[in-house]
Number of protein chains: 2
Amino acid sequence: MLNQTNLNIPLDREGEEPIYRQLIRFIRMQIESGNLTAGARLPASRDLARQLNISRISVVNAYAELRAQGYLSAHAGRGTFVSGETSTPPPTSQHSNGGGLAPEIPGTPDRSLREMMRLAQKPGVISFSRGAAPTEFFPVHSLRDAMNAVLDRDGSAALGYEAREGYGPLRAAVRDYVSALGIQCNADQVLVTGGTQQALDLVIQALLSEGEVVVTENPTYLGMIDIARARRVQLHGISMDEDGIRLDELENYIIDNNPRLIYVMPTFQNPTAAVMPLHRRRQLLNLANDYNIPILEDAVYHEFRFEGEAVPPLKALDESGIVIHASGFTKMLLPGIRIGYLISDNRHYERIVRVKYAADISTPGLNQRAIHLMLESGVLAQQLERNTRELLRRRDAAVSAARKYFPPGSHWNVPEGGMYMWMNLPKHGPSAAELYVTAVQMGVAYAIGSVFYTNSCGSHRLRINISTQKPAEIEEGFRRLGRAWRELACDYADIDKAGLL
Amino acid sequence: MLNQTNLNIPLDREGEEPIYRQLIRFIRMQIESGNLTAGARLPASRDLARQLNISRISVVNAYAELRAQGYLSAHAGRGTFVSGETSTPPPTSQHSNGGGLAPEIPGTPDRSLREMMRLAQKPGVISFSRGAAPTEFFPVHSLRDAMNAVLDRDGSAALGYEAREGYGPLRAAVRDYVSALGIQCNADQVLVTGGTQQALDLVIQALLSEGEVVVTENPTYLGMIDIARARRVQLHGISMDEDGIRLDELENYIIDNNPRLIYVMPTFQNPTAAVMPLHRRRQLLNLANDYNIPILEDAVYHEFRFEGEAVPPLKALDESGIVIHASGFTKMLLPGIRIGYLISDNRHYERIVRVKYAADISTPGLNQRAIHLMLESGVLAQQLERNTRELLRRRDAAVSAARKYFPPGSHWNVPEGGMYMWMNLPKHGPSAAELYVTAVQMGVAYAIGSVFYTNSCGSHRLRINISTQKPAEIEEGFRRLGRAWRELACDYADIDKAGLL
């Protein structure tokens, strides 16, 4: 057996560059400069991780990437070696920008994992990773007609500053729209926003000061994690059971910590696709009322049900006005048009409007007016119905492919709506993060589950967006995912065995 | 002489409702309920103000509004009386909402004045009050063509989430556009934003924590006052001389208080229309570099010059990267499309982008792509040129009307660009706020100057947007303004005389 190379790697643990990329850069430099020569054996991932006091994920992924680039080769059961020949890599000057950045805003978990996910987008990869709807769902022609109709009708009036609260007829149309979901409100409780994300952000800014706490489900929506980071507020995640956020844990936390806001996504939660049943909704409302803590309800997936009975939104059950309801009908239909809304009673409405005005004066009037026309004409509702039928077809394809290809011992939900399958890999194999680079090399990508947690849990979780691929790609993508897992699980077993020698 | 009525008015000084509106409501109720009967004489405005410990402005405006509604009548030299007959007022249930609001975010000056300005918009009034460009300047047809061309070319790709930094070709076009102003940058230093307002807000949020200080010119842009209020940061205004922000005062403040950011609008400042000359720009840059305090440059009026020589933006003179440049080419052309941008070096860029992503994920892609086409085709530049020619015509009309109608002893600037005339009423007459309701009743409105100050100065200042009215309306509007002043100045003299008896 060859001697193992001792790698003394200077790491910047505070920097912007993910650890695994620093490893890649360092090892590549060592090979290119001749310090590491062909045939040299690298330390086992477990050993190097221990030696550098970093996570094994970083080493596994760095080795996988370097194998893909031809710098390293692996021999099952023997280890990882510097290859005989290496392809000349492209110049990497874009990485030199990373150095001079100011220190970070207080961190949120797993930034480097998200960075890794972003960097690993490659052509040919079947990606289930994004939170977006498929572009073939967009009613391009209807939007075009609506834009033209608005400009014909309103002329320059469509191009000036819109009212800060939103275009009046659209606010009335939102009121009518949500009344079909059981929400009774007046048009003057409706605020039109630049997408649902802005609605969430405005509420956080209006209701919380820096350092104060929002309670969320754990896992929770990534965009809320981003908001907390940018606005310097704290997130505290409460565990979920099969009915959603756990109320015993929530109440204990409230008693001890007096948080300012509860943020939940009760229907087709992102990332778990869970639906909170009616009784839990009522209990949650009672709890919030008992302690007088407002609830921010994110209902962005509410209408994407393709199976089963609808459960009313929290706001439809809210008699005291404690719920602020945020949504947008364009998440699946026209995400880039950026029209969302929120519904709030007077207690908070004025303040939220002022924050909105300071943020961007108004949401583009032409976009609001076009969406208003499409709502009124029924085009959006028709398109949504077509889309949910197609979603069901994709869900069925995903479930059958999962049964065929996912590793034995893995679990997943069968969603009745929304866009996500939430999967759990077997505990004895690689984690979702460890699997990631190998999966991308085999042509499939997903969202690493732990990024959705407020406390770095969920190591073996994957969020799979089953809406963005057609059934044939879902089948092929799941096949690749299964293959990647088996290859790595195999490696793992071997390396672990070697480690025991 | 009749006995004066003693009014014991319960005021909510912490509430949302402006004091003068509370006065109106109370006096109207007293009249409607019969507690105040026809012919009763009300206290002189000065006396009531002293008695209630409120500003005289509130009383003058409440009386003026009640006269306009027919509840009161005034007789010069004798005082203000309850009218013989009153028209039945409309139900005012919408005012009952004002009571239950949570206490305010730490205040900024003159909210009630702004509320007053907003409420006083009436049909038939020639308004010079808004900060917007005239709608006849908007290139409606060109925008329509561009929207259609984008949807033909890109289809659904124009309707998904755009890149968080902005649409790539638009970022490159912005780079080229600002290079004509002398700013050298790369496309990857350009961030596309939802209007210039969002650009300013993102910088404040990325660079400052709650309670920290931004130094501004005094007076300053109202939107920055809104941002400070919403983001809970403090503004400190530095006096201006004829060359802009005073550097001696600025340096003293910096030494004592170590602010985090300097915000300036060096060209055609809002509201003063002042242009900072080249030597002051260089000195300001030196000062900022000496103390290492970033400058946020708001260049939103930079291109609206209709006379004289252009002065380069601060960013064009910036060798150290200390300037963040914010602007938008749609302020005058397509304000409701909400496309702005900022240019920042790497020190702050990444952090600002993260704040942007948390705020609204991305700026609408269709809007970005349409503006990109209009920039590339030269349509925007042509339209801007046409508009500035028309602005010059309006400026000339305004200057000649001001000479004719403005009160003797008043002062104003002759702007070389931008949209504003900044006027100073004679000190011996009514203040801009005292004049306001009378002016609106005579059919003319303006922005009350003191709302632009960080410290309630500028009582006799008016900001007059000369861009929004055609020359004939400017003439007529200024005539009304002069008449309103003379009437009130006359009243004033009488009441003051009565007060001396």
# chains A, B, ... in the order shown; residues from 1 in each chain; ligands from 1
>>> residues_around(residues="region 135-141 of chain A", least_positions_apart="4", cutoff="6 Å", atoms="only C-alpha atoms", output="list in words")
Leu333 and Leu334 of chain A; Ser156 of chain B
>>> interface_residues(of="chain B", to="chain A", cutoff="6 Å", atoms="only C-alpha atoms", output="list in words")
Leu101, Thr135, Val140, Ser156, Leu159, Gly160, Tyr161, Gln197, Gln198, Asp201, Asp226, Ile227, Ala230, Leu334, Pro335, Gly336, Ile337, Arg338, Arg347, Val355, Ala358, Ala359, Asp360, Pro364 and Gly365 of chain B
>>> atom_distance(atom1="CA of Ala484 (chain A)", atom2="CA of Ile27 (chain A)")
23.9 Å
>>> select_by_dssp(residues="region 144-263 of chain A", states="alpha helix (DSSP H)", output="JSON, numbers by chain")
{"A": [144, 145, 146, 147, 148, 149, 150, 151, 152, 153, 154, 168, 169, 170, 171, 172, 173, 174, 175, 176, 177, 178, 179, 195, 196, 197, 198, 199, 200, 201, 202, 203, 204, 205, 206, 207, 222, 223, 224, 225, 226, 227, 228, 229, 230, 231, 247, 248, 249, 250, 251, 252, 253, 254, 255, 256, 257]}
>>> write_last_selection(atoms="C-alpha atoms", output="PDB file, in the first residue's frame")
ATOM      1  CA  ARG A 144     -49.667  39.442 -23.904  1.00  0.00           C
ATOM      2  CA  ASP A 145     -53.314  40.062 -24.734  1.00  0.00           C
ATOM      3  CA  ALA A 146     -53.944  41.474 -21.274  1.00  0.00           C
ATOM      4  CA  MET A 147     -50.941  43.848 -21.447  1.00  0.00           C
ATOM      5  CA  ASN A 148     -52.086  45.160 -24.806  1.00  0.00           C
ATOM      6  CA  ALA A 149     -55.667  45.532 -23.638  1.00  0.00           C
ATOM      7  CA  VAL A 150     -54.523  47.539 -20.612  1.00  0.00           C
ATOM      8  CA  LEU A 151     -52.363  49.870 -22.697  1.00  0.00           C
ATOM      9  CA  ASP A 152     -55.202  50.380 -25.193  1.00  0.00           C
ATOM     10  CA  ARG A 153     -57.651  51.096 -22.412  1.00  0.00           C
ATOM     11  CA  ASP A 154     -55.553  53.129 -19.965  1.00  0.00           C
ATOM     12  CA  GLY A 168     -58.022  49.652  -6.786  1.00  0.00           C
ATOM     13  CA  PRO A 169     -59.846  47.194  -9.065  1.00  0.00           C
ATOM     14  CA  LEU A 170     -57.188  44.554  -8.394  1.00  0.00           C
ATOM     15  CA  ARG A 171     -57.633  44.959  -4.639  1.00  0.00           C
ATOM     16  CA  ALA A 172     -61.372  44.429  -5.118  1.00  0.00           C
ATOM     17  CA  ALA A 173     -60.701  41.413  -7.321  1.00  0.00           C
ATOM     18  CA  VAL A 174     -58.427  39.923  -4.644  1.00  0.00           C
ATOM     19  CA  ARG A 175     -61.191  40.388  -2.095  1.00  0.00           C
ATOM     20  CA  ASP A 176     -63.569  38.456  -4.368  1.00  0.00           C
ATOM     21  CA  TYR A 177     -60.942  35.844  -5.148  1.00  0.00           C
ATOM     22  CA  VAL A 178     -60.191  35.014  -1.515  1.00  0.00           C
ATOM     23  CA  SER A 179     -63.875  35.029  -0.579  1.00  0.00           C
ATOM     24  CA  GLY A 195     -44.776  38.895  -5.207  1.00  0.00           C
ATOM     25  CA  THR A 196     -45.480  36.876  -2.069  1.00  0.00           C
ATOM     26  CA  GLN A 197     -41.848  37.205  -0.990  1.00  0.00           C
ATOM     27  CA  GLN A 198     -42.259  40.953  -0.645  1.00  0.00           C
ATOM     28  CA  ALA A 199     -45.475  40.447   1.311  1.00  0.00           C
ATOM     29  CA  LEU A 200     -43.592  38.288   3.845  1.00  0.00           C
ATOM     30  CA  ASP A 201     -40.681  40.695   4.019  1.00  0.00           C
ATOM     31  CA  LEU A 202     -42.900  43.728   4.603  1.00  0.00           C
ATOM     32  CA  VAL A 203     -44.663  42.025   7.503  1.00  0.00           C
ATOM     33  CA  ILE A 204     -41.355  41.071   9.117  1.00  0.00           C
ATOM     34  CA  GLN A 205     -40.072  44.616   8.756  1.00  0.00           C
ATOM     35  CA  ALA A 206     -43.237  46.265   9.972  1.00  0.00           C
ATOM     36  CA  LEU A 207     -43.720  44.044  13.026  1.00  0.00           C
ATOM     37  CA  LEU A 222     -35.929  29.201   2.452  1.00  0.00           C
ATOM     38  CA  GLY A 223     -37.089  32.716   1.578  1.00  0.00           C
ATOM     39  CA  MET A 224     -37.988  33.275   5.231  1.00  0.00           C
ATOM     40  CA  ILE A 225     -34.483  32.225   6.224  1.00  0.00           C
ATOM     41  CA  ASP A 226     -33.172  34.801   3.748  1.00  0.00           C
ATOM     42  CA  ILE A 227     -35.443  37.498   5.154  1.00  0.00           C
ATOM     43  CA  ALA A 228     -34.330  36.766   8.715  1.00  0.00           C
ATOM     44  CA  ARG A 229     -30.717  37.065   7.656  1.00  0.00           C
ATOM     45  CA  ALA A 230     -31.201  40.298   5.707  1.00  0.00           C
ATOM     46  CA  ARG A 231     -33.408  41.930   8.362  1.00  0.00           C
ATOM     47  CA  LEU A 247     -48.310  23.010  19.474  1.00  0.00           C
ATOM     48  CA  ASP A 248     -46.895  21.705  22.749  1.00  0.00           C
ATOM     49  CA  GLU A 249     -43.397  22.703  21.737  1.00  0.00           C
ATOM     50  CA  LEU A 250     -44.710  25.985  20.346  1.00  0.00           C
ATOM     51  CA  GLU A 251     -46.519  26.894  23.542  1.00  0.00           C
ATOM     52  CA  ASN A 252     -43.496  26.084  25.687  1.00  0.00           C
ATOM     53  CA  TYR A 253     -41.373  28.269  23.494  1.00  0.00           C
ATOM     54  CA  ILE A 254     -43.860  31.133  23.602  1.00  0.00           C
ATOM     55  CA  ILE A 255     -44.055  31.019  27.390  1.00  0.00           C
ATOM     56  CA  ASP A 256     -40.296  31.183  27.747  1.00  0.00           C
ATOM     57  CA  ASN A 257     -39.383  33.524  24.913  1.00  0.00           C
TER      58      ASN A 257
END
>>> select_by_dssp(residues="region 303-453 of chain B", states="strand (DSSP E or B)", output="list in words")
Arg305, Val323, Ile324, His325, Ala326, Ser327, Gly340, Tyr341, Leu342, Ile343, His411, Trp412, Gly417, Tyr420, Met421, Trp422, Met423, Asn424, Val444, Ala445, Ala447 and Ile448 of chain B
>>> residues_around(residues="Glu303 (chain B)", least_positions_apart="6", cutoff="12 Å", atoms="only C-alpha atoms", output="list in words")
Tyr177, Val178, Ala180, Leu181, Thr267, Phe268, Glu309, Ala310, Val311, Pro312, Pro313, Ser327, Gly328, Phe329, Thr330, Lys331, Met332, Leu333, Leu380, Ala381, Gln383, Leu384, Glu385, Asn387, Thr388, Glu416, Gly417, Gly418 and Met419 of chain B
>>> write_last_selection(atoms="N, CA and C atoms", output="mmCIF file, in the first residue's frame")
data_model
loop_
_atom_site.group_PDB
_atom_site.id
_atom_site.type_symbol
_atom_site.label_atom_id
_atom_site.label_comp_id
_atom_site.auth_asym_id
_atom_site.auth_seq_id
_atom_site.Cartn_x
_atom_site.Cartn_y
_atom_site.Cartn_z
ATOM 1 N N TYR B 177 -24.519 52.664 -20.702
ATOM 2 C CA TYR B 177 -25.266 53.910 -20.522
ATOM 3 C C TYR B 177 -24.525 54.858 -19.577
ATOM 4 N N VAL B 178 -24.068 54.338 -18.436
ATOM 5 C CA VAL B 178 -23.398 55.227 -17.475
ATOM 6 C C VAL B 178 -21.994 55.589 -17.930
ATOM 7 N N ALA B 180 -21.310 56.773 -20.687
ATOM 8 C CA ALA B 180 -21.477 58.064 -21.354
ATOM 9 C C ALA B 180 -21.498 59.222 -20.351
ATOM 10 N N LEU B 181 -21.763 58.930 -19.078
ATOM 11 C CA LEU B 181 -21.726 59.956 -18.030
ATOM 12 C C LEU B 181 -20.357 60.014 -17.352
ATOM 13 N N THR B 267 -27.010 66.464 -8.178
ATOM 14 C CA THR B 267 -27.464 67.176 -9.375
ATOM 15 C C THR B 267 -28.976 67.328 -9.377
ATOM 16 N N PHE B 268 -29.444 68.581 -9.450
ATOM 17 C CA PHE B 268 -30.874 68.903 -9.422
ATOM 18 C C PHE B 268 -31.536 68.247 -8.221
ATOM 19 N N GLU B 309 -24.004 73.381 -18.622
ATOM 20 C CA GLU B 309 -23.037 72.290 -18.794
ATOM 21 C C GLU B 309 -23.230 71.198 -17.752
ATOM 22 N N ALA B 310 -23.135 69.953 -18.190
ATOM 23 C CA ALA B 310 -23.242 68.838 -17.246
ATOM 24 C C ALA B 310 -22.043 68.794 -16.312
ATOM 25 N N VAL B 311 -22.268 68.430 -15.078
ATOM 26 C CA VAL B 311 -21.195 68.188 -14.112
ATOM 27 C C VAL B 311 -21.156 66.664 -13.897
ATOM 28 N N PRO B 312 -19.986 66.038 -13.905
ATOM 29 C CA PRO B 312 -19.960 64.567 -13.790
ATOM 30 C C PRO B 312 -20.514 64.084 -12.448
ATOM 31 N N PRO B 313 -21.155 62.923 -12.453
ATOM 32 C CA PRO B 313 -21.612 62.339 -11.185
ATOM 33 C C PRO B 313 -20.421 62.056 -10.261
ATOM 34 N N SER B 327 -29.622 55.104 -9.494
ATOM 35 C CA SER B 327 -30.392 55.906 -10.436
ATOM 36 C C SER B 327 -31.424 55.032 -11.139
ATOM 37 N N GLY B 328 -32.067 55.605 -12.123
ATOM 38 C CA GLY B 328 -33.053 54.865 -12.913
ATOM 39 C C GLY B 328 -33.379 55.735 -14.104
ATOM 40 N N PHE B 329 -33.424 55.147 -15.281
ATOM 41 C CA PHE B 329 -33.683 56.010 -16.443
ATOM 42 C C PHE B 329 -35.168 56.181 -16.699
ATOM 43 N N THR B 330 -36.004 55.702 -15.783
ATOM 44 C CA THR B 330 -37.431 55.738 -16.059
ATOM 45 C C THR B 330 -38.180 56.741 -15.189
ATOM 46 N N LYS B 331 -37.457 57.492 -14.374
ATOM 47 C CA LYS B 331 -38.113 58.471 -13.503
ATOM 48 C C LYS B 331 -39.016 59.408 -14.307
ATOM 49 N N MET B 332 -38.488 59.904 -15.403
ATOM 50 C CA MET B 332 -39.285 60.835 -16.190
ATOM 51 C C MET B 332 -40.097 60.132 -17.274
ATOM 52 N N LEU B 333 -39.667 58.940 -17.663
ATOM 53 C CA LEU B 333 -40.237 58.310 -18.856
ATOM 54 C C LEU B 333 -41.290 57.257 -18.539
ATOM 55 N N LEU B 380 -35.488 55.517 -25.677
ATOM 56 C CA LEU B 380 -35.500 56.243 -24.404
ATOM 57 C C LEU B 380 -34.744 57.560 -24.517
ATOM 58 N N ALA B 381 -33.588 57.507 -25.180
ATOM 59 C CA ALA B 381 -32.778 58.725 -25.314
ATOM 60 C C ALA B 381 -33.514 59.793 -26.121
ATOM 61 N N GLN B 383 -36.742 60.142 -26.473
ATOM 62 C CA GLN B 383 -37.877 60.631 -25.711
ATOM 63 C C GLN B 383 -37.404 61.607 -24.620
ATOM 64 N N LEU B 384 -36.279 61.253 -24.000
ATOM 65 C CA LEU B 384 -35.725 62.095 -22.946
ATOM 66 C C LEU B 384 -35.385 63.480 -23.513
ATOM 67 N N GLU B 385 -34.841 63.501 -24.711
ATOM 68 C CA GLU B 385 -34.471 64.767 -25.335
ATOM 69 C C GLU B 385 -35.713 65.613 -25.612
ATOM 70 N N ASN B 387 -38.473 65.447 -24.038
ATOM 71 C CA ASN B 387 -39.033 65.872 -22.756
ATOM 72 C C ASN B 387 -38.275 67.051 -22.161
ATOM 73 N N THR B 388 -36.944 67.031 -22.256
ATOM 74 C CA THR B 388 -36.193 68.125 -21.646
ATOM 75 C C THR B 388 -36.437 69.427 -22.413
ATOM 76 N N GLU B 416 -31.903 74.764 -13.879
ATOM 77 C CA GLU B 416 -31.323 74.397 -15.184
ATOM 78 C C GLU B 416 -31.662 72.966 -15.557
ATOM 79 N N GLY B 417 -32.413 72.304 -14.691
ATOM 80 C CA GLY B 417 -32.768 70.918 -14.965
ATOM 81 C C GLY B 417 -33.638 70.403 -13.832
ATOM 82 N N GLY B 418 -34.044 69.151 -13.936
ATOM 83 C CA GLY B 418 -34.912 68.577 -12.923
ATOM 84 C C GLY B 418 -36.335 69.060 -13.101
ATOM 85 N N MET B 419 -37.103 69.001 -12.035
ATOM 86 C CA MET B 419 -38.525 69.288 -12.167
ATOM 87 C C MET B 419 -39.019 70.383 -11.221
#
>>> atom_distance(atom1="CA of Pro407 (chain B)", atom2="CA of Ala472 (chain B)")
19.6 Å
>>> residues_around(residues="Gly409 (chain A)", least_positions_apart="5", cutoff="10 Å", atoms="only C-alpha atoms", output="ChimeraX atom specification")
/A:424-429
>>> residues_around(residues="Ala273 (chain B)", least_positions_apart="2", cutoff="7 Å", atoms="only C-alpha atoms", output="number ranges by chain")
B: 268-271, 275, 415, 418, 420-421
>>> atom_distance(atom1="CA of Leu23 (chain B)", atom2="CA of Leu11 (chain B)")
8.1 Å
>>> residues_around(residues="Ala432 (chain A)", least_positions_apart="4", cutoff="10 Å", atoms="only C-alpha atoms", output="list in words")
Ile57, Met423, Asn424, Leu425, Tyr436, Val437, Ala439, Tyr446, Ala447, Ile448, Gly449, Ser450, Gly458, Ser459, His460, Arg461, Leu462, Arg463 and Trp485 of chain A
>>> residues_around(residues="Ser127 (chain B)", least_positions_apart="3", cutoff="12 Å", atoms="only C-alpha atoms", output="number ranges by chain")
B: 117-118, 120-124, 130-132, 134, 436, 439-447, 463-470, 473-474, 476-478, 480-481
>>> closest_residue(among="A:Ser58, A:Gln234, A:Ser83, A:Gln69", to="Leu36 (chain A)", atoms="only C-alpha atoms")
A:Ser83
>>> closest_residue(among="B:Leu42, B:Tyr20, B:Phe26, B:Gln51", to="His75 (chain B)", atoms="only C-alpha atoms")
B:Leu42
